[in-house]
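*Asks:* First, the structure itself, so that you have it in front of you.
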Amino acid sequence: MSFLQTTEVILKEKIIGVIRSNNLSAAKSQLSCLYAAGLKVIEVSANNHEYAQIIDWAHSQFTDLTIGVATIMCEAQLQKASESAAQFFVSPVSDERMLQRAKDLGKLFIPGACSPSEVSNIINYHPEFPIIKLFPVASAVAFEGLVKVFYKSNFLLSSFPVEQTELLIQKGAKLFAVGSHFTEDLLQTAERVKRMRELLSASSGQVSASLGTTERF
């Protein structure tokens, strides 16, 4: 899958499942659950040293799955991840050496940012990265401030307050990364995905679907 194709899939699917378990069996179980719940884009944390094996297994099991490596923290980790069968790469940071290395991959790289300065640096000096991961998202108010300034950007929200999901969507949020808390209760995963899709497809927040009051994805 090309850089452009992967980008288009993520922009279309809107929700990325995140597998953070360090246990191989548990990671496979979570991945299977997320796929069964309808998520066709999933990232596996580089904290699981067997992520390359998980990705190979996932490709053999789910042929229409788009899968990447997350939690990439440095250039060396990015180089190692690029040797796997991953189709995209995600980082919570925007280390300059890593950004320079990512240019040469030929695959989608999603750098992370937290402050306006970090977002501005990516937009102004690295426009080759079409999606920026916001990590963490403290509140809908903070997100709204960024969107008003950087309204042309595609932001992927991570570690966001679940109780503000509907409000975030009303403020313009279109892409979400949902992690370990989202999959802790595997029986509820499908219902949670369904509810989030309802929110994303609703215009002006007309569909109200409570996702809890204190939990985070």
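Residue names in the structure tokens use chain letters A, B, ... in the order shown, residue numbers from 1 in each chain, and ligand numbers from 1 in the order shown.
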Write out as a CSV table (one decimal) with C-alpha atoms, in the first residue's frame which residues come within 12 Å of Asn48 in chain A when counting only C-alpha atoms, dropping same-chain ones fewer than 4 positions away.

*Replies:*
```csv
chain,number,residue,atom,x,y,z
A,18,VAL,CA,-4.1,1.1,19.4
A,19,ILE,CA,-2.6,-2.1,20.8
A,20,ARG,CA,-0.3,-1.4,23.8
A,21,SER,CA,-0.1,-4.8,25.4
A,22,ASN,CA,3.5,-6.2,25.9
A,23,ASN,CA,2.1,-9.8,25.9
A,24,LEU,CA,2.0,-11.4,22.5
A,25,SER,CA,-1.1,-13.5,23.1
A,26,ALA,CA,-3.0,-10.6,24.7
A,27,ALA,CA,-2.0,-8.3,21.8
A,28,LYS,CA,-3.3,-10.7,19.2
A,43,GLU,CA,-1.4,0.3,15.3
A,44,VAL,CA,0.8,-1.8,17.5
A,52,ALA,CA,6.9,-7.3,13.8
A,53,GLN,CA,5.6,-10.8,14.5
A,54,ILE,CA,2.2,-9.4,15.4
A,55,ILE,CA,2.0,-7.5,12.2
A,69,VAL,CA,3.8,0.7,14.5
A,70,ALA,CA,3.2,3.3,17.2
A,71,THR,CA,5.1,4.8,20.1
A,72,ILE,CA,8.2,5.3,18.0
A,81,ALA,CA,10.1,-0.4,12.4
```

*Asks:* Where does DSSP see strand (DSSP E or B) in range 2-214 of chain A, if you list the residues as a PDB file with C-alpha atoms, in the first residue's frame?

*Replies:*
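Generated output (selection03.pdb):
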```
ATOM      1  CA  ILE A  15     -10.735   5.584  14.072  1.00  0.00           C
ATOM      2  CA  ILE A  16      -7.423   3.841  14.718  1.00  0.00           C
ATOM      3  CA  GLY A  17      -7.208   1.088  17.301  1.00  0.00           C
ATOM      4  CA  VAL A  18      -4.052   1.073  19.425  1.00  0.00           C
ATOM      5  CA  ILE A  19      -2.581  -2.147  20.842  1.00  0.00           C
ATOM      6  CA  VAL A  41      -6.827   0.480  10.904  1.00  0.00           C
ATOM      7  CA  ILE A  42      -4.752  -0.629  13.893  1.00  0.00           C
ATOM      8  CA  GLU A  43      -1.370   0.338  15.285  1.00  0.00           C
ATOM      9  CA  VAL A  44       0.814  -1.832  17.519  1.00  0.00           C
ATOM     10  CA  SER A  45       3.050  -0.133  20.066  1.00  0.00           C
ATOM     11  CA  THR A  66      -4.097  -1.494   7.534  1.00  0.00           C
ATOM     12  CA  ILE A  67      -1.568  -1.865  10.337  1.00  0.00           C
ATOM     13  CA  GLY A  68       1.231   0.304  11.670  1.00  0.00           C
ATOM     14  CA  VAL A  69       3.765   0.727  14.460  1.00  0.00           C
ATOM     15  CA  ALA A  70       3.159   3.280  17.226  1.00  0.00           C
ATOM     16  CA  PHE A  88       2.474   3.374   8.560  1.00  0.00           C
ATOM     17  CA  PHE A  89       4.295   4.703  11.617  1.00  0.00           C
ATOM     18  CA  VAL A  90       3.187   6.903  14.519  1.00  0.00           C
ATOM     19  CA  LEU A 108       3.053   7.352   5.942  1.00  0.00           C
ATOM     20  CA  PHE A 109       4.578   8.758   9.122  1.00  0.00           C
ATOM     21  CA  ILE A 110       2.380  10.542  11.682  1.00  0.00           C
ATOM     22  CA  GLY A 112       3.208  13.804  17.426  1.00  0.00           C
ATOM     23  CA  ALA A 113       2.727  17.276  18.855  1.00  0.00           C
ATOM     24  CA  ILE A 131      -1.590  13.990   9.578  1.00  0.00           C
ATOM     25  CA  ILE A 132      -0.421  15.215  12.985  1.00  0.00           C
ATOM     26  CA  LYS A 133      -1.017  13.262  16.174  1.00  0.00           C
ATOM     27  CA  LEU A 134      -2.148  15.449  19.089  1.00  0.00           C
ATOM     28  CA  ASN A 154      -5.611  16.816   9.898  1.00  0.00           C
ATOM     29  CA  PHE A 155      -5.304  16.094  13.606  1.00  0.00           C
ATOM     30  CA  LEU A 156      -5.331  12.568  15.051  1.00  0.00           C
ATOM     31  CA  LEU A 157      -6.476  12.850  18.675  1.00  0.00           C
ATOM     32  CA  SER A 158      -4.926  10.551  21.256  1.00  0.00           C
ATOM     33  CA  PRO A 161     -11.177  12.808  27.646  1.00  0.00           C
ATOM     34  CA  LEU A 175      -9.644  11.348  13.612  1.00  0.00           C
ATOM     35  CA  PHE A 176      -9.220   9.398  16.855  1.00  0.00           C
ATOM     36  CA  ALA A 177      -6.722   6.872  18.199  1.00  0.00           C
ATOM     37  CA  VAL A 178      -8.362   4.639  20.801  1.00  0.00           C
TER      38      VAL A 178
END
```

*Asks:* Using only C-alpha atoms, find each residue of range 96-146 of chain A with at least one atom at most 9 Å away from an atom of range 162-174 of chain A; report its shortest atom-to-atom pair and that distance in Å (one decimal), sort the rows by chain and rising residue number, and return the result as a Markdown table.

*Replies:*
```
| residue | atom | partner | partner_atom | distance |
| --- | --- | --- | --- | --- |
| A:Ser139 | CA | A:Gln164 | CA | 7.3 |
| A:Ala140 | CA | A:Leu168 | CA | 5.2 |
| A:Val141 | CA | A:Leu168 | CA | 8.5 |
| A:Phe143 | CA | A:Leu168 | CA | 7.5 |
| A:Glu144 | CA | A:Lys171 | CA | 5.9 |
```

*Asks:* Hey, which of A:Leu65, A:Ala46, A:Cys33, A:Leu99 ends up closest to Glu13 in chain A? Count only C-alpha atoms.

*Replies:*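 Result for the nearest residue to Glu13 in chain A: A:Leu65.
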
*Asks:* Tell me, as a PyMOL selection string, which residues lie within 12 Å of Asn124 in chain A, counting only C-alpha atoms; anything in the same chain fewer than 6 positions away does not count.

*Replies:* chain A and resi 116-118+130+150+153

*Asks:* Put those residues in a file: N, CA and C atoms, as a short mmCIF file (atom, residue, chain, number, x, y, z; two decimals), in the first residue's frame.

*Replies:*
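Wrote it out as result11.cif, contents follow:
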```
data_model
loop_
_atom_site.label_atom_id
_atom_site.label_comp_id
_atom_site.auth_asym_id
_atom_site.auth_seq_id
_atom_site.Cartn_x
_atom_site.Cartn_y
_atom_site.Cartn_z
N PRO A 116 1.32 24.42 20.41
CA PRO A 116 1.20 25.13 19.15
C PRO A 116 2.53 25.25 18.42
N SER A 117 3.62 25.40 19.16
CA SER A 117 4.93 25.52 18.54
C SER A 117 5.32 24.24 17.81
N GLU A 118 5.03 23.09 18.42
CA GLU A 118 5.34 21.81 17.78
C GLU A 118 4.48 21.60 16.54
N PRO A 130 0.97 14.58 6.26
CA PRO A 130 -0.39 15.11 6.12
C PRO A 130 -1.26 14.99 7.37
N PHE A 150 -4.90 26.38 13.39
CA PHE A 150 -4.40 25.44 12.37
C PHE A 150 -5.58 24.69 11.75
N SER A 153 -5.31 21.64 9.13
CA SER A 153 -4.56 20.44 9.47
C SER A 153 -5.46 19.26 9.77
#
```

*Asks:* What does the distance between CA of Cys74 in chain A and CA of Asp95 in chain A come to in Å, to one decimal place?

*Replies:*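 Computing the Euclidean distance for CA of Cys74 in chain A and CA of Asp95 in chain A yields 7.0 Å.
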
*Asks:* Please compute the CA of Met196 in chain A-CA of Ser29 in chain A distance, one decimal, in Å.

*Replies:*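 According to the coordinates, CA of Met196 in chain A and CA of Ser29 in chain A are separated by 21.4 Å.
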
*Asks:* Would you please give, as a ChimeraX atom specification, all residues of range 15-181 of chain A that DSSP assigns to alpha helix (DSSP H) based on the backbone?

*Replies:* /A:24-36,51-61,75-82,96-102,116-125,140-149,165-170,180-181

*Asks:* Taking only C-alpha atoms into account, name the residue in A:Glu128, A:Asp56, A:Glu191, A:Asp185 that is nearest to Asp104 in chain A.

*Replies:*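 Once distances to Asp104 in chain A are computed over only C-alpha atoms, the minimum belongs to A:Glu128.
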